[in-house]
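Note sheet for the following structure.
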Amino acid sequence: MCDCLVALPAATEGACTLFAKNSDRPPAERQVVHWSAPRRDLGVLRTTHIDVAAHDADTLGCVLSRPAWGWGAEHGVNEAGVAIGNTTVYTTLDPRGAAPALTGMDLVRLALERATSASEAVAIITALLERHGQGGSGHDPALSPNGRPYWNAFLVASAGTAFVIDTSGREWAAEPVGDVRAISNRTSIPGFDATHRHPRQPVERLVDPRWRASQRVLAERPVTVAALQQHLRSHDTCGEPGWSVCMHVDGVEATTASMIVALQPGSSPLVWALTGSPCRREYRSFELGDAATIDFSDV
């Protein structure tokens with residue numbers, strides 16, 4: 001589970017793009033925030049389950065929030081000012097039949113390491129998706145030995161521009177954001193949703209209350225960092241007990257990391273990040289340009 005929001009400059013305080021995400025994962029899983037320095041990969045690159053062709057240039061430096069066991073990232077931001085997060089979605093295509101391939105988290109990290117704009121990130125994600133597909137468990141094999149594969153939606157943002165990508169296997173649709181947008185654990189691009197969303201997915205109980213809560217906070221103009229922090233800590237979403245934006249479902253799902261990013265042309269991104277539950281911890285704020293010198297062990 002996850003909830004992800006973006007507000008473009010016309011809707012925000014300070015005329016910047018604000019990106020925000022809560023990452024909901026198995027409660028016992030540890031998530032880490034770290035600086036991934038630029039590097040040059042040769043030949044092939046090992047992702048969570050498969051090898052892919054290495055990038056033909058140095059990667060971009062990124063701050064990544066990722067499960068400690070895996071290669072891919074739940075969300076992050078790079079030195080070019082691109083922020084990306086993913087959410088789990090289910091469709092009429094059963095992900096359990098897919099061969100090991102790229103996970104949604106792999107696609108987030110690959111795009112952050114390679115894209116200098118939101119539109120370029122969309123092109124990278126969709127090209128990798130078409131070439132390699134999605135498949136394989138997105139959960140720690142020590143905690144989920146039978147595997148838990150899933151499809152993904154993505155929210156991609158840079159200063160002044162953002163896109164939503166919905167997927168089902170190798171199929172996808174992308175849609176530009178007008179001024180604000182929220183995604184959660186369902187397909188949300190209307191045509192794609194009508195064709196692909198699984199009719200038995202309990203979105204009315206477990207997803208839509210969180211999605212509507214995100215839409216309400218984005219409707220209050222101007223959207224501010226303080227309002228997003230309050231929202232990401234929220235438990236009042238009128239859904240099933242525990243299935244709130246700050247999630248606490250014992251033994252099933254919990255919010256294990258959270259991030260807010262302010263993106264402005266010509267400026268280093270400002271980041272607010274934490275691991276664990278936002279309702280119990282304070283965000284650590286920093287400029288991305290300082291990330292290489294920061295000790296993230298207490299985030």
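So you can find residues: chains in the structure tokens are A, B, ... in the order shown, residues in each start at 1, and ligands are numbered from 1 in order.
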
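The neighbours of stretch 197-207 of chain A here are the residues that come within 7 Å of it, using only C-alpha atoms and leaving out any residue fewer than 2 positions away in the same chain; they are Tyr90, Thr91, Thr92, Ser184, Asn185, Thr187, Asp193, Ala194, Thr195, Pro209, Arg210, Trp211, Gly239, Glu240 and Trp243 of chain A.
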
What's around A:Ser258 at 8 Å? Count only C-alpha atoms, leave out sequence neighbours fewer than 4 positions away in its own chain, and write the answer as a PDB file with N, CA and C atoms, in the first residue's frame.
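Result file follows (out08.pdb):
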ATOM      1  N   ALA A  20       4.971  14.299  -2.368  1.00  0.00           N
ATOM      2  CA  ALA A  20       4.913  13.660  -1.058  1.00  0.00           C
ATOM      3  C   ALA A  20       4.486  12.208  -1.200  1.00  0.00           C
ATOM      4  N   LYS A  21       5.030  11.348  -0.320  1.00  0.00           N
ATOM      5  CA  LYS A  21       4.629   9.942  -0.342  1.00  0.00           C
ATOM      6  C   LYS A  21       4.814   9.302   1.014  1.00  0.00           C
ATOM      7  N   ASN A  22       3.830   8.472   1.416  1.00  0.00           N
ATOM      8  CA  ASN A  22       3.976   7.498   2.487  1.00  0.00           C
ATOM      9  C   ASN A  22       4.162   6.126   1.864  1.00  0.00           C
ATOM     10  N   SER A  23       5.180   5.416   2.332  1.00  0.00           N
ATOM     11  CA  SER A  23       5.459   4.064   1.870  1.00  0.00           C
ATOM     12  C   SER A  23       4.932   3.075   2.900  1.00  0.00           C
ATOM     13  N   LEU A 232       0.192  13.276   5.990  1.00  0.00           N
ATOM     14  CA  LEU A 232       0.905  12.004   6.007  1.00  0.00           C
ATOM     15  C   LEU A 232       0.929  11.372   7.392  1.00  0.00           C
ATOM     16  N   ALA A 273      12.441  13.859   5.193  1.00  0.00           N
ATOM     17  CA  ALA A 273      12.363  12.401   5.121  1.00  0.00           C
ATOM     18  C   ALA A 273      12.391  11.792   6.515  1.00  0.00           C
ATOM     19  N   LEU A 274      11.764  10.638   6.617  1.00  0.00           N
ATOM     20  CA  LEU A 274      11.859   9.835   7.838  1.00  0.00           C
ATOM     21  C   LEU A 274      11.601   8.383   7.486  1.00  0.00           C
ATOM     22  N   THR A 275      12.029   7.487   8.375  1.00  0.00           N
ATOM     23  CA  THR A 275      11.638   6.092   8.312  1.00  0.00           C
ATOM     24  C   THR A 275      10.795   5.782   9.536  1.00  0.00           C
ATOM     25  N   GLY A 276       9.947   4.762   9.411  1.00  0.00           N
ATOM     26  CA  GLY A 276       9.009   4.460  10.476  1.00  0.00           C
ATOM     27  C   GLY A 276       7.685   5.167  10.248  1.00  0.00           C
ATOM     28  N   SER A 277       6.928   5.360  11.312  1.00  0.00           N
ATOM     29  CA  SER A 277       5.599   5.973  11.223  1.00  0.00           C
ATOM     30  C   SER A 277       5.691   7.488  11.354  1.00  0.00           C
ATOM     31  N   PRO A 278       5.139   8.248  10.417  1.00  0.00           N
ATOM     32  CA  PRO A 278       5.187   9.717  10.519  1.00  0.00           C
ATOM     33  C   PRO A 278       4.525  10.253  11.777  1.00  0.00           C
TER      34      PRO A 278
END

Practice item. Check the DSSP output for the backbone and give back, as a PyMOL selection string, the residues of stretch 37-224 of chain A in strand (DSSP E or B). Key: chain A and resi 44-46+51-53+62-67+75-78+83-89+91+102+134+151-158+161-168+171-176+180-183+197+223

Write out, as a compact mmCIF listing (two decimals), in the first residue's frame, the residues just selected, with N, CA and C atoms.
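Printed below is selection_39.txt as written:
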# COMPACT_ATOMS: atom_id res chain seq x y z
N VAL A 44 26.30 -4.88 -17.58
CA VAL A 44 24.95 -5.12 -17.07
C VAL A 44 24.86 -4.66 -15.63
N LEU A 45 23.64 -4.40 -15.21
CA LEU A 45 23.35 -3.97 -13.85
C LEU A 45 22.37 -4.96 -13.24
N ARG A 46 22.67 -5.45 -12.05
CA ARG A 46 21.78 -6.38 -11.37
C ARG A 46 20.76 -5.61 -10.57
N ASP A 51 19.09 -8.97 -14.56
CA ASP A 51 20.08 -8.04 -15.08
C ASP A 51 19.47 -7.19 -16.18
N VAL A 52 19.85 -5.91 -16.23
CA VAL A 52 19.47 -5.03 -17.32
C VAL A 52 20.72 -4.37 -17.86
N ALA A 53 20.63 -3.84 -19.07
CA ALA A 53 21.78 -3.16 -19.66
C ALA A 53 22.13 -1.93 -18.83
N CYS A 62 21.29 10.37 -6.15
CA CYS A 62 19.90 10.33 -5.68
C CYS A 62 19.87 10.11 -4.17
N VAL A 63 18.86 10.66 -3.53
CA VAL A 63 18.48 10.21 -2.20
C VAL A 63 17.35 9.21 -2.38
N LEU A 64 17.57 8.00 -1.89
CA LEU A 64 16.62 6.90 -2.07
C LEU A 64 16.11 6.43 -0.72
N SER A 65 14.84 6.08 -0.67
CA SER A 65 14.25 5.40 0.47
C SER A 65 13.84 4.02 -0.01
N ARG A 66 14.43 2.97 0.57
CA ARG A 66 14.20 1.63 0.04
C ARG A 66 14.18 0.60 1.17
N PRO A 67 13.45 -0.50 0.97
CA PRO A 67 13.55 -1.61 1.91
C PRO A 67 14.99 -2.11 1.98
N HIS A 75 10.67 5.45 -3.00
CA HIS A 75 10.58 6.83 -3.47
C HIS A 75 11.94 7.47 -3.33
N GLY A 76 12.09 8.63 -3.99
CA GLY A 76 13.35 9.32 -3.92
C GLY A 76 13.35 10.54 -4.81
N VAL A 77 14.51 11.22 -4.83
CA VAL A 77 14.68 12.42 -5.63
C VAL A 77 16.13 12.47 -6.09
N ASN A 78 16.35 12.96 -7.32
CA ASN A 78 17.72 13.00 -7.82
C ASN A 78 18.24 14.42 -7.96
N ALA A 83 11.56 13.71 -8.79
CA ALA A 83 11.09 12.90 -7.67
C ALA A 83 10.10 11.87 -8.20
N ILE A 84 10.18 10.64 -7.67
CA ILE A 84 9.32 9.55 -8.14
C ILE A 84 8.91 8.69 -6.95
N GLY A 85 7.66 8.22 -6.97
CA GLY A 85 7.19 7.22 -6.03
C GLY A 85 6.27 6.25 -6.74
N ASN A 86 6.14 5.05 -6.18
CA ASN A 86 5.24 4.05 -6.77
C ASN A 86 4.21 3.61 -5.75
N THR A 87 3.12 3.02 -6.25
CA THR A 87 2.09 2.43 -5.40
C THR A 87 1.69 1.10 -6.01
N THR A 88 1.28 0.16 -5.16
CA THR A 88 0.78 -1.14 -5.62
C THR A 88 -0.60 -0.99 -6.24
N VAL A 89 -0.81 -1.62 -7.40
CA VAL A 89 -2.15 -1.70 -7.98
C VAL A 89 -2.42 -3.13 -8.42
N THR A 91 -4.97 -5.53 -11.03
CA THR A 91 -5.79 -5.44 -12.23
C THR A 91 -6.36 -6.81 -12.57
N LEU A 102 11.38 -6.89 -13.62
CA LEU A 102 11.60 -5.68 -12.82
C LEU A 102 10.47 -5.50 -11.83
N GLN A 134 7.22 -6.53 -15.76
CA GLN A 134 7.23 -6.54 -14.30
C GLN A 134 7.04 -7.97 -13.83
N TRP A 151 1.51 -5.24 -9.56
CA TRP A 151 1.74 -4.20 -10.56
C TRP A 151 1.87 -2.85 -9.85
N ASN A 152 2.14 -1.82 -10.63
CA ASN A 152 2.47 -0.53 -10.03
C ASN A 152 1.84 0.64 -10.76
N ALA A 153 1.56 1.68 -10.00
CA ALA A 153 1.33 3.02 -10.53
C ALA A 153 2.49 3.90 -10.07
N PHE A 154 2.77 4.94 -10.83
CA PHE A 154 3.90 5.82 -10.50
C PHE A 154 3.44 7.28 -10.55
N LEU A 155 3.98 8.08 -9.65
CA LEU A 155 3.83 9.53 -9.71
C LEU A 155 5.23 10.10 -9.91
N VAL A 156 5.40 10.85 -10.99
CA VAL A 156 6.70 11.38 -11.41
C VAL A 156 6.61 12.90 -11.44
N ALA A 157 7.56 13.60 -10.81
CA ALA A 157 7.47 15.06 -10.75
C ALA A 157 8.84 15.69 -10.94
N SER A 158 8.83 16.86 -11.56
CA SER A 158 9.98 17.76 -11.57
C SER A 158 9.41 19.16 -11.44
N THR A 161 6.28 20.22 -13.65
CA THR A 161 5.70 19.16 -14.49
C THR A 161 5.55 17.89 -13.67
N ALA A 162 4.46 17.15 -13.90
CA ALA A 162 4.27 15.87 -13.24
C ALA A 162 3.41 14.97 -14.11
N PHE A 163 3.56 13.65 -13.91
CA PHE A 163 2.82 12.65 -14.67
C PHE A 163 2.42 11.51 -13.75
N VAL A 164 1.30 10.88 -14.09
CA VAL A 164 0.88 9.62 -13.50
C VAL A 164 1.06 8.52 -14.55
N ILE A 165 1.57 7.36 -14.12
CA ILE A 165 1.65 6.19 -14.98
C ILE A 165 0.89 5.07 -14.30
N ASP A 166 -0.06 4.47 -14.98
CA ASP A 166 -0.74 3.25 -14.53
C ASP A 166 -0.22 2.08 -15.34
N THR A 167 -0.10 0.90 -14.70
CA THR A 167 0.40 -0.26 -15.42
C THR A 167 -0.40 -1.51 -15.08
N SER A 168 -0.29 -2.49 -15.98
CA SER A 168 -0.79 -3.84 -15.77
C SER A 168 0.10 -4.74 -16.61
N GLU A 171 1.56 -3.52 -20.05
CA GLU A 171 0.70 -2.45 -20.56
C GLU A 171 0.75 -1.24 -19.63
N TRP A 172 0.60 -0.06 -20.22
CA TRP A 172 0.68 1.15 -19.40
C TRP A 172 -0.08 2.29 -20.07
N ALA A 173 -0.38 3.29 -19.25
CA ALA A 173 -0.92 4.56 -19.74
C ALA A 173 -0.30 5.66 -18.90
N ALA A 174 -0.03 6.80 -19.51
CA ALA A 174 0.53 7.95 -18.80
C ALA A 174 -0.35 9.17 -19.01
N GLU A 175 -0.42 10.01 -18.01
CA GLU A 175 -1.29 11.19 -18.06
C GLU A 175 -0.59 12.36 -17.37
N PRO A 176 -0.52 13.52 -18.00
CA PRO A 176 0.08 14.68 -17.33
C PRO A 176 -0.83 15.20 -16.22
N VAL A 180 -2.82 19.55 -9.47
CA VAL A 180 -2.59 18.67 -8.33
C VAL A 180 -3.04 17.27 -8.71
N ARG A 181 -2.50 16.26 -8.00
CA ARG A 181 -2.91 14.88 -8.27
C ARG A 181 -2.51 14.02 -7.07
N ALA A 182 -3.34 13.06 -6.75
CA ALA A 182 -3.04 12.04 -5.76
C ALA A 182 -3.25 10.67 -6.39
N ILE A 183 -2.40 9.71 -6.02
CA ILE A 183 -2.63 8.33 -6.40
C ILE A 183 -2.56 7.48 -5.14
N ARG A 197 -8.90 -2.32 -14.04
CA ARG A 197 -9.03 -2.52 -12.59
C ARG A 197 -9.82 -3.78 -12.29
N VAL A 223 -1.23 24.71 -1.20
CA VAL A 223 -0.72 23.49 -0.59
C VAL A 223 0.65 23.80 0.02

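Minimum distance to A:Ala226 across A:Ala262, A:Val122, A:Val32, A:Ile294 (counting only C-alpha atoms) occurs at A:Ala262.
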
Review point. A:Leu218: which residues within 10 Å, counting only C-alpha atoms, same-chain residues fewer than 6 positions away excluded, as a VMD selection string?
Key: chain A and resid 5 to 7 11 to 12 179 to 182 212 224 227 to 228 231

Review point. Which residues, written as a list in words, have at least one atom at most 8 Å from stretch 94-99 of chain A, with only C-alpha atoms counted and residues fewer than 5 positions away on the same chain left out?
Key: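 Once the nearby chain positions are removed, what remains is Gln134, Gly135, Gly136, Arg148, Pro149, Tyr150, Trp151 and Gly169 of chain A.
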
**Study point:** Point-to-point distance in Å for atom CA of A:Cys4 and atom CA of A:Asp250
**Key:**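 Atom-to-atom, atom CA of A:Asp250 and atom CA of A:Cys4 are spaced 21.9 Å apart.
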
**Study point:** Point-to-point distance from atom CA of A:Leu107 to atom CA of A:Ser137, Å rounded to tenths
**Key:**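 Separating atom CA of A:Leu107 from atom CA of A:Ser137 is a distance of 13.9 Å.
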
**Study point:** Selected residue of minimal separation from A:Ala123 among A:Thr256, A:Ala111, A:Pro100, A:Leu60, counting only C-alpha atoms
**Key:**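 The shortest atom-to-atom distance to A:Ala123 comes from A:Ala111.
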
Just list as a PDB file with C-alpha atoms, in the first residue's frame whatever in stretch 67-272 of chain A DSSP marks as alpha helix (DSSP H).
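part_21.pdb written:
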ATOM      1  CA  GLY A 104       8.075  -1.266  -9.364  1.00  0.00           C
ATOM      2  CA  MET A 105      10.809  -0.264  -6.939  1.00  0.00           C
ATOM      3  CA  ASP A 106      13.469  -1.185  -9.512  1.00  0.00           C
ATOM      4  CA  LEU A 107      11.748   1.074 -12.048  1.00  0.00           C
ATOM      5  CA  VAL A 108      11.685   3.966  -9.544  1.00  0.00           C
ATOM      6  CA  ARG A 109      15.416   3.680  -8.896  1.00  0.00           C
ATOM      7  CA  LEU A 110      16.387   3.140 -12.533  1.00  0.00           C
ATOM      8  CA  ALA A 111      14.468   6.257 -13.580  1.00  0.00           C
ATOM      9  CA  LEU A 112      15.894   8.362 -10.753  1.00  0.00           C
ATOM     10  CA  GLU A 113      19.427   7.328 -11.672  1.00  0.00           C
ATOM     11  CA  ARG A 114      18.925   8.192 -15.352  1.00  0.00           C
ATOM     12  CA  ALA A 118       9.789  14.141 -15.431  1.00  0.00           C
ATOM     13  CA  SER A 119       9.033  13.497 -19.098  1.00  0.00           C
ATOM     14  CA  GLU A 120      12.335  11.651 -19.525  1.00  0.00           C
ATOM     15  CA  ALA A 121      11.550   9.566 -16.431  1.00  0.00           C
ATOM     16  CA  VAL A 122       8.218   8.531 -17.980  1.00  0.00           C
ATOM     17  CA  ALA A 123      10.009   7.497 -21.177  1.00  0.00           C
ATOM     18  CA  ILE A 124      12.579   5.467 -19.209  1.00  0.00           C
ATOM     19  CA  ILE A 125      10.011   3.683 -17.036  1.00  0.00           C
ATOM     20  CA  THR A 126       7.742   2.780 -19.933  1.00  0.00           C
ATOM     21  CA  ALA A 127      10.598   1.636 -22.202  1.00  0.00           C
ATOM     22  CA  LEU A 128      12.034  -0.607 -19.478  1.00  0.00           C
ATOM     23  CA  LEU A 129       8.553  -1.910 -18.736  1.00  0.00           C
ATOM     24  CA  GLU A 130       7.944  -2.836 -22.360  1.00  0.00           C
ATOM     25  CA  ARG A 131      11.364  -4.461 -22.737  1.00  0.00           C
ATOM     26  CA  HIS A 132      11.646  -6.386 -19.467  1.00  0.00           C
ATOM     27  CA  PRO A 190      -9.968   6.884 -16.333  1.00  0.00           C
ATOM     28  CA  GLY A 191      -9.683   4.862 -19.532  1.00  0.00           C
ATOM     29  CA  PHE A 192      -7.023   2.526 -18.146  1.00  0.00           C
ATOM     30  CA  ASP A 193      -8.950   2.114 -14.898  1.00  0.00           C
ATOM     31  CA  ALA A 194     -12.145   1.201 -16.728  1.00  0.00           C
ATOM     32  CA  THR A 195     -10.355  -1.465 -18.749  1.00  0.00           C
ATOM     33  CA  HIS A 196      -7.942  -2.963 -16.224  1.00  0.00           C
ATOM     34  CA  VAL A 203     -11.129  -0.103  -3.284  1.00  0.00           C
ATOM     35  CA  GLU A 204     -14.271   1.326  -1.645  1.00  0.00           C
ATOM     36  CA  ARG A 205     -13.149   0.112   1.815  1.00  0.00           C
ATOM     37  CA  LEU A 206      -9.357   0.055   1.732  1.00  0.00           C
ATOM     38  CA  ASP A 208     -10.763   5.239  -1.826  1.00  0.00           C
ATOM     39  CA  PRO A 209     -11.040   6.727   1.705  1.00  0.00           C
ATOM     40  CA  ARG A 210      -7.282   7.420   1.668  1.00  0.00           C
ATOM     41  CA  TRP A 211      -7.379   8.644  -1.928  1.00  0.00           C
ATOM     42  CA  ARG A 212     -10.219  11.067  -1.172  1.00  0.00           C
ATOM     43  CA  ALA A 213      -8.396  12.318   1.935  1.00  0.00           C
ATOM     44  CA  SER A 214      -5.378  13.148  -0.241  1.00  0.00           C
ATOM     45  CA  GLN A 215      -7.605  14.922  -2.746  1.00  0.00           C
ATOM     46  CA  ARG A 216      -9.118  17.019   0.047  1.00  0.00           C
ATOM     47  CA  VAL A 217      -5.746  18.217   1.320  1.00  0.00           C
ATOM     48  CA  LEU A 218      -4.727  19.138  -2.250  1.00  0.00           C
ATOM     49  CA  ALA A 219      -7.939  21.147  -2.649  1.00  0.00           C
ATOM     50  CA  VAL A 225       4.759  21.405   3.391  1.00  0.00           C
ATOM     51  CA  ALA A 226       3.128  21.694   6.820  1.00  0.00           C
ATOM     52  CA  ALA A 227      -0.244  20.579   5.419  1.00  0.00           C
ATOM     53  CA  LEU A 228       1.359  17.613   3.663  1.00  0.00           C
ATOM     54  CA  GLN A 229       3.182  16.576   6.833  1.00  0.00           C
ATOM     55  CA  GLN A 230      -0.059  16.727   8.785  1.00  0.00           C
ATOM     56  CA  HIS A 231      -1.799  14.677   6.117  1.00  0.00           C
ATOM     57  CA  LEU A 232       0.905  12.004   6.007  1.00  0.00           C
TER      58      LEU A 232
END

Check your understanding: Hey, what's within 6 Å of A:Ala159 if we count only C-alpha atoms and toss same-chain stuff fewer than 3 positions away? As a ChimeraX atom specification, please?
Key -> /A:17,263-265

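Ranking A:Ala68, A:Ala115, A:Leu42, A:Cys2 by their shortest atom-to-atom distance to A:Pro141, with only C-alpha atoms included, puts A:Ala68 first.
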
Review point. How many Å lie between atom CA of A:Leu270 and atom CA of A:Ile189, rounded to one decimal?
Key: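 Straight-line distance from atom CA of A:Leu270 to atom CA of A:Ile189 works out to 28.9 Å.
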